[in-house]
>>> print(open('run_29.txt').read())   # compact mmCIF, C-alpha atoms
# COMPACT_ATOMS: atom_id res chain seq x y z
CA SER T 1 -51.13 17.80 -4.74
CA SER T 2 -48.25 15.55 -3.85
CA ILE T 3 -47.24 15.55 -0.19
CA PHE T 4 -43.58 14.95 -0.95
CA PHE T 5 -41.26 15.89 -3.76
CA GLY T 6 -39.16 13.34 -5.57
CA SER T 7 -40.93 10.02 -6.10
CA PRO T 8 -38.93 6.88 -5.17
CA SER T 9 -38.11 6.24 -8.82
CA GLU T 10 -36.72 9.76 -9.26
CA VAL T 11 -34.11 9.45 -6.51
CA ARG T 12 -30.83 10.22 -8.24
CA GLY T 13 -32.16 8.74 -11.47
CA ARG T 14 -32.27 5.15 -10.21
CA ARG T 15 -35.16 2.75 -9.93
CA PRO T 16 -36.35 2.02 -6.39
CA HIS T 17 -34.51 -0.93 -4.94
CA TRP T 18 -35.07 -0.98 -1.21
CA SER T 19 -38.24 -3.10 -0.98
CA THR T 20 -36.61 -6.08 -2.66
CA MET T 21 -33.28 -6.03 -0.83
CA ALA T 22 -32.56 -8.66 1.81
CA GLY T 23 -31.21 -7.50 5.15
CA LYS T 24 -30.60 -3.93 6.26
CA ASN T 25 -29.53 -1.34 3.70
CA LYS T 26 -27.17 0.82 5.73
CA ARG T 27 -26.67 3.26 2.86
CA ILE T 28 -30.20 4.65 3.23
CA ILE T 29 -31.31 6.61 6.29
CA ALA T 30 -34.69 8.15 7.14
CA LEU T 31 -34.65 11.09 9.58
CA PHE T 32 -37.80 12.16 11.42
CA ASP T 33 -39.03 15.29 13.14
CA VAL T 34 -41.00 14.51 16.35
CA ASP T 35 -44.14 16.70 16.77
CA GLY T 36 -46.61 16.33 13.92
CA THR T 37 -44.46 13.64 12.29
CA LEU T 38 -43.96 10.72 14.70
CA THR T 39 -46.39 12.03 17.34
CA GLU T 40 -49.30 14.40 17.53
CA PRO T 41 -47.99 17.77 18.85
CA ARG T 42 -46.62 17.38 22.42
CA LYS T 43 -48.31 13.96 22.74
CA VAL T 44 -46.79 10.54 23.34
CA VAL T 45 -45.93 8.30 20.38
CA SER T 46 -48.42 5.52 19.60
CA PRO T 47 -47.38 1.88 20.21
CA GLU T 48 -48.12 1.15 16.52
CA THR T 49 -45.63 3.82 15.40
CA VAL T 50 -42.98 2.39 17.77
CA GLU T 51 -43.50 -1.09 16.29
CA TYR T 52 -43.38 0.27 12.75
CA LEU T 53 -40.09 2.08 13.41
CA LYS T 54 -38.63 -1.09 14.90
CA ALA T 55 -39.49 -3.01 11.73
CA LEU T 56 -38.24 -0.18 9.49
CA ARG T 57 -34.91 -0.16 11.36
CA GLU T 58 -34.37 -3.74 10.17
CA LYS T 59 -34.59 -2.52 6.55
CA ILE T 60 -32.78 0.84 6.65
CA CYS T 61 -31.07 3.20 9.12
CA ILE T 62 -33.39 5.54 11.01
CA GLY T 63 -32.80 8.72 12.98
CA VAL T 64 -34.79 11.29 14.92
CA VAL T 65 -33.99 15.02 14.83
CA GLY T 66 -36.03 17.15 17.21
CA GLY T 67 -35.75 20.75 18.35
CA SER T 68 -36.56 19.97 21.99
CA ASP T 69 -34.06 18.81 24.57
CA LEU T 70 -33.50 15.11 25.22
CA VAL T 71 -35.70 15.05 28.34
CA LYS T 72 -38.74 16.30 26.37
CA GLN T 73 -37.92 14.00 23.44
CA LYS T 74 -37.84 10.99 25.77
CA GLU T 75 -41.17 12.02 27.33
CA GLN T 76 -42.74 11.68 23.88
CA LEU T 77 -40.81 8.82 22.30
CA GLY T 78 -39.37 6.74 25.15
CA ASP T 79 -35.70 5.74 25.05
CA SER T 80 -34.95 7.57 21.79
CA PRO T 81 -31.13 7.12 21.86
CA ASN T 82 -31.69 3.35 21.69
CA MET T 83 -34.77 3.35 19.41
CA PHE T 84 -32.90 4.90 16.48
CA ASP T 85 -29.51 4.43 14.82
CA TYR T 86 -29.04 8.18 15.32
CA CYS T 87 -30.77 10.33 17.93
CA PHE T 88 -30.45 14.11 17.66
CA SER T 89 -32.01 16.48 20.19
CA GLU T 90 -31.87 20.28 19.94
CA ASN T 91 -31.34 19.92 16.17
CA GLY T 92 -28.26 17.74 16.65
CA LEU T 93 -26.42 19.83 19.23
CA LEU T 94 -26.71 16.71 21.37
CA ALA T 95 -26.03 13.65 19.21
CA TYR T 96 -26.18 9.91 19.88
CA LYS T 97 -25.25 7.00 17.64
CA ASP T 98 -26.36 3.47 18.64
CA GLY T 99 -27.17 4.76 22.14
CA VAL T 100 -23.73 6.36 22.70
CA LYS T 101 -23.19 10.15 22.89
CA ILE T 102 -21.03 11.31 19.97
CA GLY T 103 -21.31 15.11 20.19
CA GLU T 104 -22.45 18.08 22.27
CA THR T 105 -22.40 21.83 21.49
CA SER T 106 -23.29 24.79 23.72
CA LEU T 107 -24.93 28.19 23.08
CA VAL T 108 -23.12 29.93 25.96
CA GLY T 109 -19.73 28.92 24.59
CA HIS T 110 -20.65 30.26 21.15
CA LEU T 111 -22.34 33.58 22.01
CA GLY T 112 -20.74 34.44 25.36
CA GLU T 113 -22.60 35.51 28.50
CA ALA T 114 -22.82 39.23 27.63
CA ASN T 115 -24.56 38.67 24.29
CA LEU T 116 -26.79 35.98 25.71
CA LYS T 117 -27.94 38.33 28.48
CA ARG T 118 -28.57 41.05 25.89
CA VAL T 119 -30.96 38.79 23.97
CA ILE T 120 -32.76 37.46 27.07
CA ASN T 121 -33.23 40.92 28.62
CA TRP T 122 -34.60 42.33 25.36
CA ALA T 123 -37.03 39.41 24.90
CA LEU T 124 -38.39 39.69 28.44
CA ARG T 125 -38.96 43.45 28.02
CA TYR T 126 -40.67 42.94 24.66
CA ILE T 127 -42.99 40.23 26.02
CA ALA T 128 -43.76 42.36 29.11
CA ASP T 129 -45.10 45.12 26.84
CA LEU T 130 -47.02 42.74 24.55
CA ASP T 131 -50.80 43.03 24.70
CA ILE T 132 -52.18 39.51 24.20
CA PRO T 133 -55.28 37.89 25.78
CA ILE T 134 -53.44 35.86 28.43
CA LYS T 135 -49.91 35.27 29.73
CA ARG T 136 -48.71 32.44 31.94
CA GLY T 137 -45.07 31.62 32.82
CA THR T 138 -41.72 30.48 31.37
CA PHE T 139 -41.40 33.01 28.56
CA VAL T 140 -37.74 32.21 27.92
CA GLU T 141 -36.48 28.65 28.09
CA PHE T 142 -32.72 28.30 27.96
CA ARG T 143 -31.58 25.15 26.18
CA GLN T 144 -28.21 23.65 25.34
CA GLY T 145 -28.06 25.26 21.92
CA MET T 146 -30.94 27.68 21.62
CA LEU T 147 -33.37 29.97 23.36
CA ASN T 148 -37.03 29.03 23.10
CA LEU T 149 -39.18 32.17 23.39
CA SER T 150 -42.92 32.02 24.09
CA PRO T 151 -45.09 35.17 24.23
CA ILE T 152 -47.84 33.35 26.19
CA GLY T 153 -45.38 31.33 28.32
CA ARG T 154 -44.74 27.59 28.14
CA ASN T 155 -46.70 26.91 31.36
CA CYS T 156 -50.05 27.38 29.60
CA SER T 157 -52.62 24.57 29.46
CA ARG T 158 -53.40 22.63 26.28
CA GLU T 159 -56.58 24.62 25.77
CA GLU T 160 -54.71 27.93 26.25
CA ARG T 161 -52.03 26.69 23.85
CA ASN T 162 -54.66 25.95 21.17
CA GLU T 163 -56.29 29.35 21.69
CA PHE T 164 -52.96 31.18 21.43
CA GLU T 165 -52.14 29.35 18.19
CA LYS T 166 -55.40 30.65 16.64
CA PHE T 167 -54.75 34.17 17.98
CA ASP T 168 -51.18 34.08 16.65
CA LEU T 169 -52.30 32.92 13.20
CA ALA T 170 -54.70 35.88 13.05
CA ASN T 171 -52.35 38.48 14.57
CA ASP T 172 -48.78 37.35 13.68
CA ILE T 173 -47.52 37.82 17.26
CA ARG T 174 -44.52 35.51 16.81
CA LYS T 175 -43.69 36.76 13.30
CA ALA T 176 -43.67 40.38 14.48
CA MET T 177 -41.39 39.56 17.43
CA VAL T 178 -39.00 37.68 15.14
CA ALA T 179 -38.89 40.63 12.70
CA LYS T 180 -37.97 43.02 15.55
CA MET T 181 -35.27 40.65 16.86
CA ARG T 182 -33.73 40.36 13.39
CA GLU T 183 -33.20 44.13 13.43
CA GLU T 184 -32.08 44.34 17.05
CA PHE T 185 -29.54 41.50 16.89
CA ALA T 186 -28.35 41.69 13.28
CA ASP T 187 -24.74 41.66 14.56
CA LEU T 188 -25.11 38.23 16.21
CA ASN T 189 -26.01 36.29 13.04
CA LEU T 190 -28.95 34.48 14.63
CA THR T 191 -31.65 32.38 13.00
CA TYR T 192 -35.28 32.40 14.17
CA SER T 193 -37.51 29.40 13.65
CA ILE T 194 -41.24 29.30 14.37
CA GLY T 195 -42.29 25.79 15.38
CA GLY T 196 -45.06 24.24 17.46
CA GLN T 197 -48.04 26.26 18.64
CA ILE T 198 -46.78 28.83 21.14
CA SER T 199 -43.09 29.59 20.71
CA PHE T 200 -40.13 30.09 18.42
CA ASP T 201 -36.46 29.16 18.62
CA CYS T 202 -33.52 31.54 18.40
CA PHE T 203 -30.06 30.11 17.67
CA PRO T 204 -26.83 30.83 15.78
CA SER T 205 -27.22 30.59 11.99
CA GLY T 206 -26.42 27.09 10.73
CA TRP T 207 -27.68 25.55 13.98
CA ASP T 208 -31.01 24.53 12.40
CA LYS T 209 -31.79 20.86 11.76
CA THR T 210 -29.13 20.65 9.03
CA TYR T 211 -26.63 20.77 11.93
CA CYS T 212 -27.24 17.04 12.50
CA LEU T 213 -26.02 16.20 8.97
CA ARG T 214 -22.40 16.77 10.05
CA TYR T 215 -22.70 13.42 11.84
CA LEU T 216 -23.76 11.65 8.61
CA PRO T 217 -20.65 11.54 6.36
CA GLU T 218 -21.49 12.08 2.68
CA GLY T 219 -19.70 8.92 1.62
CA ASP T 220 -21.70 6.74 4.03
CA TYR T 221 -25.20 7.32 2.61
CA ASP T 222 -26.70 7.14 -0.86
CA GLU T 223 -30.00 8.61 0.35
CA ILE T 224 -30.95 10.71 3.36
CA HIS T 225 -34.74 11.02 3.62
CA PHE T 226 -36.26 13.61 5.93
CA PHE T 227 -39.87 13.67 7.16
CA GLY T 228 -41.32 16.75 8.89
CA ASP T 229 -44.47 18.87 9.13
CA LYS T 230 -43.06 22.44 9.49
CA THR T 231 -41.44 22.41 6.05
CA PHE T 232 -42.63 25.89 4.99
CA GLU T 233 -40.18 28.80 4.94
CA GLY T 234 -39.69 29.94 8.54
CA GLY T 235 -40.74 26.54 9.89
CA ASN T 236 -38.17 24.59 11.88
CA ASP T 237 -38.03 21.75 9.30
CA PHE T 238 -37.52 24.05 6.28
CA GLU T 239 -33.71 24.07 6.09
CA ILE T 240 -33.24 20.32 6.31
CA TYR T 241 -36.28 19.66 4.07
CA THR T 242 -34.82 21.83 1.30
CA CYS T 243 -31.17 20.87 1.88
CA GLU T 244 -29.46 19.43 -1.22
CA ARG T 245 -28.23 16.45 0.81
CA THR T 246 -31.75 15.29 1.74
CA ILE T 247 -34.86 14.03 -0.01
CA GLY T 248 -37.67 15.94 1.70
CA HIS T 249 -41.11 14.58 2.55
CA SER T 250 -43.70 16.96 3.99
CA VAL T 251 -46.30 15.71 6.47
CA GLU T 252 -48.66 18.54 5.67
CA ASP T 253 -51.52 17.47 7.95
CA ALA T 254 -49.18 16.86 10.94
CA ASP T 255 -50.63 13.34 11.28
CA PRO T 256 -48.22 10.49 12.18
CA MET T 257 -50.34 8.12 10.06
CA THR T 258 -49.47 10.23 7.00
CA THR T 259 -45.78 9.69 7.81
CA LEU T 260 -46.27 5.91 8.03
CA LYS T 261 -48.22 5.83 4.75
CA GLN T 262 -45.41 7.71 3.01
CA LEU T 263 -42.90 5.24 4.46
CA ALA T 264 -45.04 2.31 3.29
CA GLU T 265 -45.05 3.73 -0.23
CA LEU T 266 -41.29 4.31 -0.21
CA PHE T 267 -39.98 1.25 1.58
CA GLY T 268 -42.64 -1.41 1.01
CA LEU T 269 -43.42 -1.89 4.71
CA PRO T 270 -47.23 -1.87 5.19
CA ALA T 271 -48.57 0.83 7.52
CA PRO T 272 -50.84 -0.18 10.43
CA ALA T 273 -54.60 0.11 9.88
CA LYS T 274 -54.90 2.77 12.59
CA LEU T 275 -52.99 4.39 15.44
CA THR T 276 -54.12 4.31 19.07
CA PRO T 277 -55.29 7.87 19.95
CA PRO T 278 -52.78 9.68 22.22
CA ASP T 279 -55.15 9.87 25.20
CA ALA T 280 -55.67 6.10 25.13
CA HIS T 281 -52.02 5.07 25.71
>>> encode(input="run_29.txt", output="structure tokens")
Amino acid sequence: SSIFFGSPSEVRGRRPHWSTMAGKNKRIIALFDVDGTLTEPRKVVSPETVEYLKALREKICIGVVGGSDLVKQKEQLGDSPNMFDYCFSENGLLAYKDGVKIGETSLVGHLGEANLKRVINWALRYIADLDIPIKRGTFVEFRQGMLNLSPIGRNCSREERNEFEKFDLANDIRKAMVAKMREEFADLNLTYSIGGQISFDCFPSGWDKTYCLRYLPEGDYDEIHFFGDKTFEGGNDFEIYTCERTIGHSVEDADPMTTLKQLAELFGLPAPAKLTPPDAH
């Protein structure tokens, strides 16, 4: 089955034109998720991917839109605000264009301290009563525009992380917690997004990855391509992948090489033969 919908020739009924154009086409932008799209989950980007993005940026505009904060994004990608035309962390709540900050939005300002405390207190009580094989630390991570909630705790090791992911797939720990929170906080109009292996995000509705699109004026782009691996309903790439303003491409095997092969097919820029494994760079 096809790993993306909308072949290049189907884009708004026109024939593909980008591979033959000289210079940079600033009316086309490709946006990328981080984990499972540009990098293996929580690993550092490969040097080959960095070089490929640099070459792609000479042909079209490129942007990154990650759920993590900028510090974590930089740990994986390097100097992301200067690597991309647009750099969005926390789904675009912190936004950079050409290395310059252009926007910042805060969860506290939106929800207020009382409601925020309500959510955090409830989550900590729920996790305290949860019977799962192991727990570590950092169950609630407060970010600029969201809460990241982890039943096992973000301080777990890679091996523990992998084990929890399997346990969660079999027992729906995160899905059950999300369902309870939807009931408990129906009045706050929150969205819950399961991403990565051990946690889920909780944020005001509309603050998913489509939030970043407010920085891309409709008149400025003919095509906005989005590449992500969590494109299923409930995944943190779903809303932007299915958004009518974007052309969605799903990296179903969460392999950065798959992303580069899709880009090669779309934009005529050959993908590298292989990527250096994360532990080797």
>>> closest_atom_pairs(input="run_29.txt", of="segment 27-48 of chain T", to="segment 201-219 of chain T", cutoff="10 Å", atoms="only C-alpha atoms", output="JSON lines")
{"residue": "T:Arg27", "atom": "CA", "partner": "T:Gly219", "partner_atom": "CA", "distance": 9.1}
{"residue": "T:Ile29", "atom": "CA", "partner": "T:Leu216", "partner_atom": "CA", "distance": 9.4}
{"residue": "T:Leu31", "atom": "CA", "partner": "T:Cys212", "partner_atom": "CA", "distance": 9.9}
{"residue": "T:Asp33", "atom": "CA", "partner": "T:Lys209", "partner_atom": "CA", "distance": 9.2}
>>> write_last_selection(input="run_29.txt", atoms="C-alpha atoms", output="PDB file, keeping the file's coordinate frame")
ATOM      1  CA  ARG T  27     -26.670   3.260   2.860  1.00  0.00           C
ATOM      2  CA  ILE T  29     -31.310   6.610   6.290  1.00  0.00           C
ATOM      3  CA  LEU T  31     -34.650  11.090   9.580  1.00  0.00           C
ATOM      4  CA  ASP T  33     -39.030  15.290  13.140  1.00  0.00           C
TER       5      ASP T  33
END
>>> residues_around(input="run_29.txt", residues="segment 56-65 of chain T", least_positions_apart="3", cutoff="6 Å", atoms="all atoms listed in the file", output="MDAnalysis selection string")
chainID T and resid 24:26 28:33 53 84:89 91
>>> write_last_selection(input="run_29.txt", atoms="C-alpha atoms", output="PDB file, keeping the file's coordinate frame")
ATOM      1  CA  LYS T  24     -30.600  -3.930   6.260  1.00  0.00           C
ATOM      2  CA  ASN T  25     -29.530  -1.340   3.700  1.00  0.00           C
ATOM      3  CA  LYS T  26     -27.170   0.820   5.730  1.00  0.00           C
ATOM      4  CA  ILE T  28     -30.200   4.650   3.230  1.00  0.00           C
ATOM      5  CA  ILE T  29     -31.310   6.610   6.290  1.00  0.00           C
ATOM      6  CA  ALA T  30     -34.690   8.150   7.140  1.00  0.00           C
ATOM      7  CA  LEU T  31     -34.650  11.090   9.580  1.00  0.00           C
ATOM      8  CA  PHE T  32     -37.800  12.160  11.420  1.00  0.00           C
ATOM      9  CA  ASP T  33     -39.030  15.290  13.140  1.00  0.00           C
ATOM     10  CA  LEU T  53     -40.090   2.080  13.410  1.00  0.00           C
ATOM     11  CA  PHE T  84     -32.900   4.900  16.480  1.00  0.00           C
ATOM     12  CA  ASP T  85     -29.510   4.430  14.820  1.00  0.00           C
ATOM     13  CA  TYR T  86     -29.040   8.180  15.320  1.00  0.00           C
ATOM     14  CA  CYS T  87     -30.770  10.330  17.930  1.00  0.00           C
ATOM     15  CA  PHE T  88     -30.450  14.110  17.660  1.00  0.00           C
ATOM     16  CA  SER T  89     -32.010  16.480  20.190  1.00  0.00           C
ATOM     17  CA  ASN T  91     -31.340  19.920  16.170  1.00  0.00           C
TER      18      ASN T  91
END
>>> residues_around(input="run_29.txt", residues="Ile173 of chain T", least_positions_apart="3", cutoff="12 Å", atoms="all atoms listed in the file", output="PyMOL selection string")
chain T and resi 126-127+130-133+149-152+164-170+176-180+194+197-200
>>> closest_residue(input="run_29.txt", among="T:His110, T:Lys175, T:Arg125, T:Arg158", to="Met146 of chain T", atoms="all atoms listed in the file")
T:His110
>>> closest_residue(input="run_29.txt", among="T:Gly112, T:Pro256, T:Gly235, T:Gly92", to="Asp69 of chain T", atoms="all atoms listed in the file")
T:Gly92
>>> closest_residue(input="run_29.txt", among="T:Glu233, T:Glu40, T:Glu48, T:Glu113", to="Lys274 of chain T", atoms="all atoms listed in the file")
T:Glu48
>>> closest_residue(input="run_29.txt", among="T:Lys261, T:Lys101, T:Leu147, T:Asn162", to="Ala123 of chain T", atoms="all atoms listed in the file")
T:Leu147
>>> atom_distance(input="run_29.txt", atom1="atom CA of Arg161 of chain T", atom2="atom CA of Ile134 of chain T")
10.3 Å
>>> atom_distance(input="run_29.txt", atom1="atom CA of Gly145 of chain T", atom2="atom CA of Tyr221 of chain T")
26.5 Å
>>> residues_around(input="run_29.txt", residues="Ala264 of chain T", least_positions_apart="6", cutoff="10 Å", atoms="only C-alpha atoms", output="mmCIF file with C-alpha atoms, in the coordinates of the input")
data_model
loop_
_atom_site.group_PDB
_atom_site.id
_atom_site.type_symbol
_atom_site.label_atom_id
_atom_site.label_comp_id
_atom_site.auth_asym_id
_atom_site.auth_seq_id
_atom_site.Cartn_x
_atom_site.Cartn_y
_atom_site.Cartn_z
ATOM 1 C CA SER T 19 -38.240 -3.100 -0.980
ATOM 2 C CA TYR T 52 -43.380 0.270 12.750
ATOM 3 C CA LEU T 56 -38.240 -0.180 9.490
ATOM 4 C CA THR T 258 -49.470 10.230 7.000
ATOM 5 C CA PRO T 270 -47.230 -1.870 5.190
ATOM 6 C CA ALA T 271 -48.570 0.830 7.520
ATOM 7 C CA PRO T 272 -50.840 -0.180 10.430
#
>>> closest_residue(input="run_29.txt", among="T:Asn121, T:Thr191, T:Thr246, T:Ser68", to="Glu223 of chain T", atoms="only C-alpha atoms")
T:Thr246
>>> closest_residue(input="run_29.txt", among="T:Val140, T:Ala114, T:Leu269, T:Val100", to="Leu188 of chain T", atoms="all atoms listed in the file")
T:Ala114
>>> atom_distance(input="run_29.txt", atom1="atom CA of Asp229 of chain T", atom2="atom CA of Val44 of chain T")
16.6 Å
>>> build_atoms(input="run_29.txt", residues="segment 46-61 of chain T", atoms="N, CA, C and O atoms", output="PDB file, in the coordinates of the input")
ATOM      1  N   SER T  46     -47.526   6.680  19.506  1.00  0.00           N
ATOM      2  CA  SER T  46     -48.420   5.520  19.600  1.00  0.00           C
ATOM      3  C   SER T  46     -47.607   4.228  19.576  1.00  0.00           C
ATOM      4  O   SER T  46     -46.538   4.166  18.962  1.00  0.00           O
ATOM      5  N   PRO T  47     -48.105   3.166  20.239  1.00  0.00           N
ATOM      6  CA  PRO T  47     -47.380   1.880  20.210  1.00  0.00           C
ATOM      7  C   PRO T  47     -47.223   1.337  18.781  1.00  0.00           C
ATOM      8  O   PRO T  47     -46.214   0.714  18.466  1.00  0.00           O
ATOM      9  N   GLU T  48     -48.207   1.623  17.913  1.00  0.00           N
ATOM     10  CA  GLU T  48     -48.120   1.150  16.520  1.00  0.00           C
ATOM     11  C   GLU T  48     -46.951   1.811  15.783  1.00  0.00           C
ATOM     12  O   GLU T  48     -46.249   1.164  14.995  1.00  0.00           O
ATOM     13  N   THR T  49     -46.745   3.108  16.047  1.00  0.00           N
ATOM     14  CA  THR T  49     -45.630   3.820  15.400  1.00  0.00           C
ATOM     15  C   THR T  49     -44.297   3.257  15.891  1.00  0.00           C
ATOM     16  O   THR T  49     -43.363   3.057  15.098  1.00  0.00           O
ATOM     17  N   VAL T  50     -44.211   2.972  17.193  1.00  0.00           N
ATOM     18  CA  VAL T  50     -42.980   2.390  17.770  1.00  0.00           C
ATOM     19  C   VAL T  50     -42.673   1.053  17.088  1.00  0.00           C
ATOM     20  O   VAL T  50     -41.526   0.798  16.685  1.00  0.00           O
ATOM     21  N   GLU T  51     -43.690   0.224  16.925  1.00  0.00           N
ATOM     22  CA  GLU T  51     -43.500  -1.090  16.290  1.00  0.00           C
ATOM     23  C   GLU T  51     -43.086  -0.930  14.826  1.00  0.00           C
ATOM     24  O   GLU T  51     -42.236  -1.665  14.321  1.00  0.00           O
ATOM     25  N   TYR T  52     -43.709   0.035  14.162  1.00  0.00           N
ATOM     26  CA  TYR T  52     -43.380   0.270  12.750  1.00  0.00           C
ATOM     27  C   TYR T  52     -41.924   0.704  12.599  1.00  0.00           C
ATOM     28  O   TYR T  52     -41.196   0.207  11.725  1.00  0.00           O
ATOM     29  N   LEU T  53     -41.479   1.607  13.465  1.00  0.00           N
ATOM     30  CA  LEU T  53     -40.090   2.080  13.410  1.00  0.00           C
ATOM     31  C   LEU T  53     -39.105   0.945  13.671  1.00  0.00           C
ATOM     32  O   LEU T  53     -38.039   0.865  13.054  1.00  0.00           O
ATOM     33  N   LYS T  54     -39.483   0.059  14.587  1.00  0.00           N
ATOM     34  CA  LYS T  54     -38.630  -1.090  14.900  1.00  0.00           C
ATOM     35  C   LYS T  54     -38.457  -1.970  13.658  1.00  0.00           C
ATOM     36  O   LYS T  54     -37.346  -2.404  13.339  1.00  0.00           O
ATOM     37  N   ALA T  55     -39.549  -2.196  12.953  1.00  0.00           N
ATOM     38  CA  ALA T  55     -39.490  -3.010  11.730  1.00  0.00           C
ATOM     39  C   ALA T  55     -38.724  -2.279  10.621  1.00  0.00           C
ATOM     40  O   ALA T  55     -37.931  -2.880   9.889  1.00  0.00           O
ATOM     41  N   LEU T  56     -38.937  -0.963  10.514  1.00  0.00           N
ATOM     42  CA  LEU T  56     -38.240  -0.180   9.490  1.00  0.00           C
ATOM     43  C   LEU T  56     -36.731  -0.192   9.732  1.00  0.00           C
ATOM     44  O   LEU T  56     -35.933  -0.249   8.791  1.00  0.00           O
ATOM     45  N   ARG T  57     -36.337  -0.181  11.008  1.00  0.00           N
ATOM     46  CA  ARG T  57     -34.910  -0.160  11.360  1.00  0.00           C
ATOM     47  C   ARG T  57     -34.204  -1.441  10.915  1.00  0.00           C
ATOM     48  O   ARG T  57     -32.981  -1.466  10.777  1.00  0.00           O
ATOM     49  N   GLU T  58     -34.969  -2.491  10.687  1.00  0.00           N
ATOM     50  CA  GLU T  58     -34.370  -3.740  10.170  1.00  0.00           C
ATOM     51  C   GLU T  58     -34.106  -3.649   8.672  1.00  0.00           C
ATOM     52  O   GLU T  58     -33.341  -4.427   8.123  1.00  0.00           O
ATOM     53  N   LYS T  59     -34.752  -2.680   8.002  1.00  0.00           N
ATOM     54  CA  LYS T  59     -34.590  -2.520   6.550  1.00  0.00           C
ATOM     55  C   LYS T  59     -33.584  -1.434   6.175  1.00  0.00           C
ATOM     56  O   LYS T  59     -32.816  -1.578   5.235  1.00  0.00           O
ATOM     57  N   ILE T  60     -33.643  -0.313   6.929  1.00  0.00           N
ATOM     58  CA  ILE T  60     -32.780   0.840   6.650  1.00  0.00           C
ATOM     59  C   ILE T  60     -32.334   1.462   7.977  1.00  0.00           C
ATOM     60  O   ILE T  60     -32.833   1.078   9.037  1.00  0.00           O
ATOM     61  N   CYS T  61     -31.433   2.435   7.917  1.00  0.00           N
ATOM     62  CA  CYS T  61     -31.070   3.200   9.120  1.00  0.00           C
ATOM     63  C   CYS T  61     -32.162   4.235   9.388  1.00  0.00           C
ATOM     64  O   CYS T  61     -32.755   4.768   8.446  1.00  0.00           O
TER      65      CYS T  61
END
